Each structure stands twice: as C-alpha cells, then as structure tokens.
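Structure, as structure tokens:
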Amino acid sequence: MDLKLREEDLAFQREVREFIDRHWPEEVRKARRNVGRFEETKGEAPEVRRFIDALNERGWAVPNWPAEWGGTDWTPTEKYIWDKETARAECPQLSAFGARMLAPVLYTWGTAQQKERFLPLIREQKMIWCQGYSEPGAGSDLAALATRAVRDGDEFVVNGTKIWTTGAHVADWMFCLVRTGTEGKKQEGISFLLIDMTTPGITVNPIHLLGGIHSVNEVELADVRVPVANLVGEENKGWTYAKGLLTHERTGIAGVARSEVMLARMKDIARETGVDGGSLWDDAEFRRKVHALEIDLEALAMTELRVLSQVEQGGAPGPESSILKIRGTELSQALQTLQIDVFGYYGLAYPDQTLIDNEGPVGHPYGLTAMQAMLYGRASTIFGGSNEIQKNIISKAVLGL
Ligand SMILES: Cc1cc2nc3c(=O)[nH]c(=O)nc-3n(C[C@H](O)[C@H](O)[C@H](O)COP(=O)(O)OP(=O)(O)OC[C@H]3O[C@@H](n4cnc5c(N)ncnc54)[C@H](O)[C@@H]3O)c2cc1C
C-alpha cells in the first residue's frame, strides 16, 4: 500500500487545514478541552453549532454518504486525510447514531419519503437519534429481544423495555428493533422502526454510570403508537438492516485517529512533567510502554485502511470491522490507563474534586477528565457488541471455523 501523499493530496490537506483553522480555531479548541466529552447533545454550544453549519455550507458534513444525499465522493486517501486532520484539531463530530449508523440503513433500505424527511435533518444535526436495540433480556443474544409491535390499522402498537440507550434523554427519535413475528427462527420476526421520542407512552429513566456520567438510560414503551410509514424496509426483515448498521458502528468505534492524537499528546505532556530532576519521558519503562502502543496503533491504522479500501470497492464494511472494534477498543483502554499514569495524583480525581476553594481546577487541563475517561472507557469493550462476541464473529465469518 502506497501511503505517500501525492501533490493533489497535499493540496487537499492544506485546504482542510485552512477550513479547520477558520471554523474551529486554536482558541476554541483550548476553551473546550474538557467540555461535554461524554454527553450526547444537539450541538447547542454556539461554537459547535457554527462548526456544523460551516461543514454543511462547505458540503463536508457527511463525507461517507452517497453524493446524492450530501456525501463528498472523496477518495479513500482524502477521507483518511479528513479523519486525521479533524481528529488532530479535536473538531466536533456529528452524532454517530444518526450520521454513521442510521443514515446508511436509510439510504440503502429506506423509502423515498423516509430519505427526504430524515437525511437532511441528520446531516444538519437538527434531529438527534438514539439506538433502541438492547433489552434487559437481550444484549449479546440480541435476537432474543421481546419488545412487541402489533399492527393496528395504519399503526404499530409497541410495548416493551429498552436498556442502555445512550442519549435517549436528549434524543428526538429512536431507531428501534421490535418483534413483529414469532414464527420460525428468532431472527426472522424482527422489524426496524423509527419512533418519535415525544410519542405518548415513552418514559426515559436515567442510569448513572461509574464516573458520575449520565449517558445511558432505560426506555419504557407502553402502548406507543407508531405509524406504519415509519417501518424501514420490510416487516420481519429488520435483522438484516440491524446487522448492516452494526458493522458501521463497529468501524466507527475503533477511533484510530483519536487514539493517535491522544498518544502524541501524552508524549508531549510526559516531556513537560518533572520527575526526580528530569522528566517522565526520561523513564525508560514509560517510553517502552509508549512505543509498544505506537507500534500497535500503527498496525491498527493499516488494518483500518484495508477495511476502508474494501468499503470503497464493495459499499459496506464486512465482518472484518470486528477486528477493528476489538483492537481499537483494547488500545484506547490502554491509552486511557496511560493517561492516569501521566497525570499521577491529579489524574485520579473527578473534575469537581480538582476545584480548590472555587479558584479553578488544579493540575493539567487534560488531566481533569482522565479518570472519567478511563472509567467510561471500560464500556467500549462491551457496547457495539462485546469483544467476546466479536471474536465469535471473526472465528465464524472471517476464519470460517
Ligand atoms: C456505556 C454503554 C452504552 C450502550 N449504549 C447502547 C445503546 O445506545 N443502544 C443499545 O441498544 N445498547 C447499548 N448498550 C448495550 C450493549 O450493546 C450491551 O451491553 C452489549 O451488547 C452486551 O450485552 P449485555 O450487557 O446484555 O451483556 P450479556 O450479553 O449478558 O453478556 C455478559 C458477558 O457474557 C459474554 N458473553 C455473552 N454471550 C457470549 C457468547 N456467546 N460467547 C462468549 N461470551 C459471551 C459477554 O461478552 C459479556 O462479557 C450500551 C452498553 C454500555 C455499557
């Protein structure tokens, strides 16, 4: 694989950097360093809204979508450059539930009316989505889901409970797997429904995670009436669409570019951190850990490029996305632990514990959320399908065992 950038790619890189510097300048990056890392929001912060509007104006909000719906038709190298540059500058991203997960399902299997209604609002981040897949009795064994949707004229009547629903408390809509049939294999009676979160009968109960973060919820659905027009694809065929969505979700979870930025930052901070008359970077054991992570990340970046170039030829990522998910999450967890090492005592506190007499936080600004990030990061090997389940997928679908 030839990764040397050609002259036209370098020109594109300059164009991207100019765009980012204009719309997401250094002072905004600094000011936002510890804001809302774990919260799903509508991008209400004015600087985030401005950036998303600028992306839409420039036609760069959803590079991976088909051009017809706002995609960019970039080459894999251009997409790679875009991901690197936006990660480097810590640019806000569109909410993944709409832009990365639901949108490919809609533009592949949705009706013309569904595409026209939802895709522009997702692209402009004016409609926030959440994912109603898991249930108290259906996680790894997702096809065991029991939330029932029964047809009543032009509507489905939905009853059941979803759990671990990230961002349900801020979402406008939920894409939801429901049971519409009980005949045959359990995968065969599942349908994919779009549900307006303001519909009567929906109750969202918060679940607070270790680390004090409220991002997940339990969602109760009691006689929720959903128009049949909100069914995506065919009734009882939802499993196919649900699986397609998961491969996109897993590819996104790998987060290689973000991990590379984080590792580079840790190196810089270690050089500035005094230890025993020298710096933390002088510690050979610390450098060994960093270099081992660098090598693993480099290997993962190559795997990501291979998956991306397959996507370019075949349309959607295949079961290989499970490899990205496993390695990407293992590495990001290792990095989050390394962060705690780098920040020492200051890395152990929660953000509100670093305020002394309301004089502002102590320690390095990046250290403030290190503990929260480390604790929340434990979930990454569970969500999007646990890593054990990804290993099962690789053994069956990739290795043919
Ligand atoms: C922070 C967070 C956010 C989430 N957000 C969402 C969301 O927005 N929407 C949504 O629908 N879901 C969400 N989830 C749910 C997530 O997808 C499930 O937690 C996950 O699929 C695992 O299911 P479970 O929790 O029921 O665990 P279980 O399925 O009960 O698994 C328990 C353990 O057993 C292992 N295991 C189970 N079956 C097998 C097997 N066949 N072989 C080997 N090992 C196995 C698992 O790997 C795991 O370690 C979220 C979860 C978390 C933690």
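Chain labels A, B, ... are given in the sequence in which chains occur in the structure tokens; within each chain residues are numbered consecutively from 1, and ligands are likewise numbered from 1 in the order shown.
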Name all residues at most 12 Å from A:Glu116 (count only C-alpha atoms; drop same-chain ones fewer than 3 positions away) and give them as a list in words.
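Everything that qualifies: Glu68, Trp69, Gly70, Ala103, Leu106, Tyr107, Gly110, Thr111, Ala112, Gln113, Leu119, Pro120, Leu121, Ile122 and Arg123 of chain A.
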Write out the residues from the selection above, keeping C-alpha atoms, as a JSON list (two decimals), in the first residue's frame.
[["chain", "number", "residue", "atom", "x", "y", "z"],
["A", 68, "GLU", "CA", -26.89, 12.39, -3.80],
["A", 69, "TRP", "CA", -27.53, 12.93, -0.07],
["A", 70, "GLY", "CA", -24.58, 15.20, 0.69],
["A", 103, "ALA", "CA", -28.14, 7.03, 7.72],
["A", 106, "LEU", "CA", -31.96, 4.74, 5.42],
["A", 107, "TYR", "CA", -30.14, 5.47, 2.19],
["A", 110, "GLY", "CA", -35.47, 3.44, 3.43],
["A", 111, "THR", "CA", -38.43, 4.67, 1.39],
["A", 112, "ALA", "CA", -38.04, 7.84, -0.73],
["A", 113, "GLN", "CA", -40.19, 9.65, 1.80],
["A", 119, "LEU", "CA", -31.41, 12.50, 5.92],
["A", 120, "PRO", "CA", -31.17, 16.32, 5.60],
["A", 121, "LEU", "CA", -32.06, 16.77, 9.31],
["A", 122, "ILE", "CA", -29.40, 14.24, 10.34],
["A", 123, "ARG", "CA", -26.81, 15.90, 8.09]]
Selection within 9 Å of ligand 1 by only C-alpha atoms and all ligand atoms, output as a PyMOL selection string:
chain A and resi 97+130-142+162-168+176-177+209+215-217+376-392
My list of candidates is A:Lys243, A:Tyr350, A:Leu221, A:Gly98. Which is closest to A:Ala171 when distances are computed with only C-alpha atoms?
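Closest candidate: A:Gly98.
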Which of these, A:Arg88, A:Lys126, A:Trp82, A:Phe12, has the shortest distance to A:Asp53 once you count only C-alpha atoms?
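Of the candidates, the smallest distance to A:Asp53 is held by A:Lys126.
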Backbone-only DSSP, helix (DSSP H, G or I) members of stretch 101-283 of chain A, as an MDAnalysis selection string:
chainID A and resid 101:109 112:123 142:144 186:189 228:230 238:253 256:272 280:282
Just give me the gap between atom CA of A:Val362 and atom CA of A:Val275 in Å, one decimal is fine.
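That distance, rounded to one decimal, is 18.1 Å.
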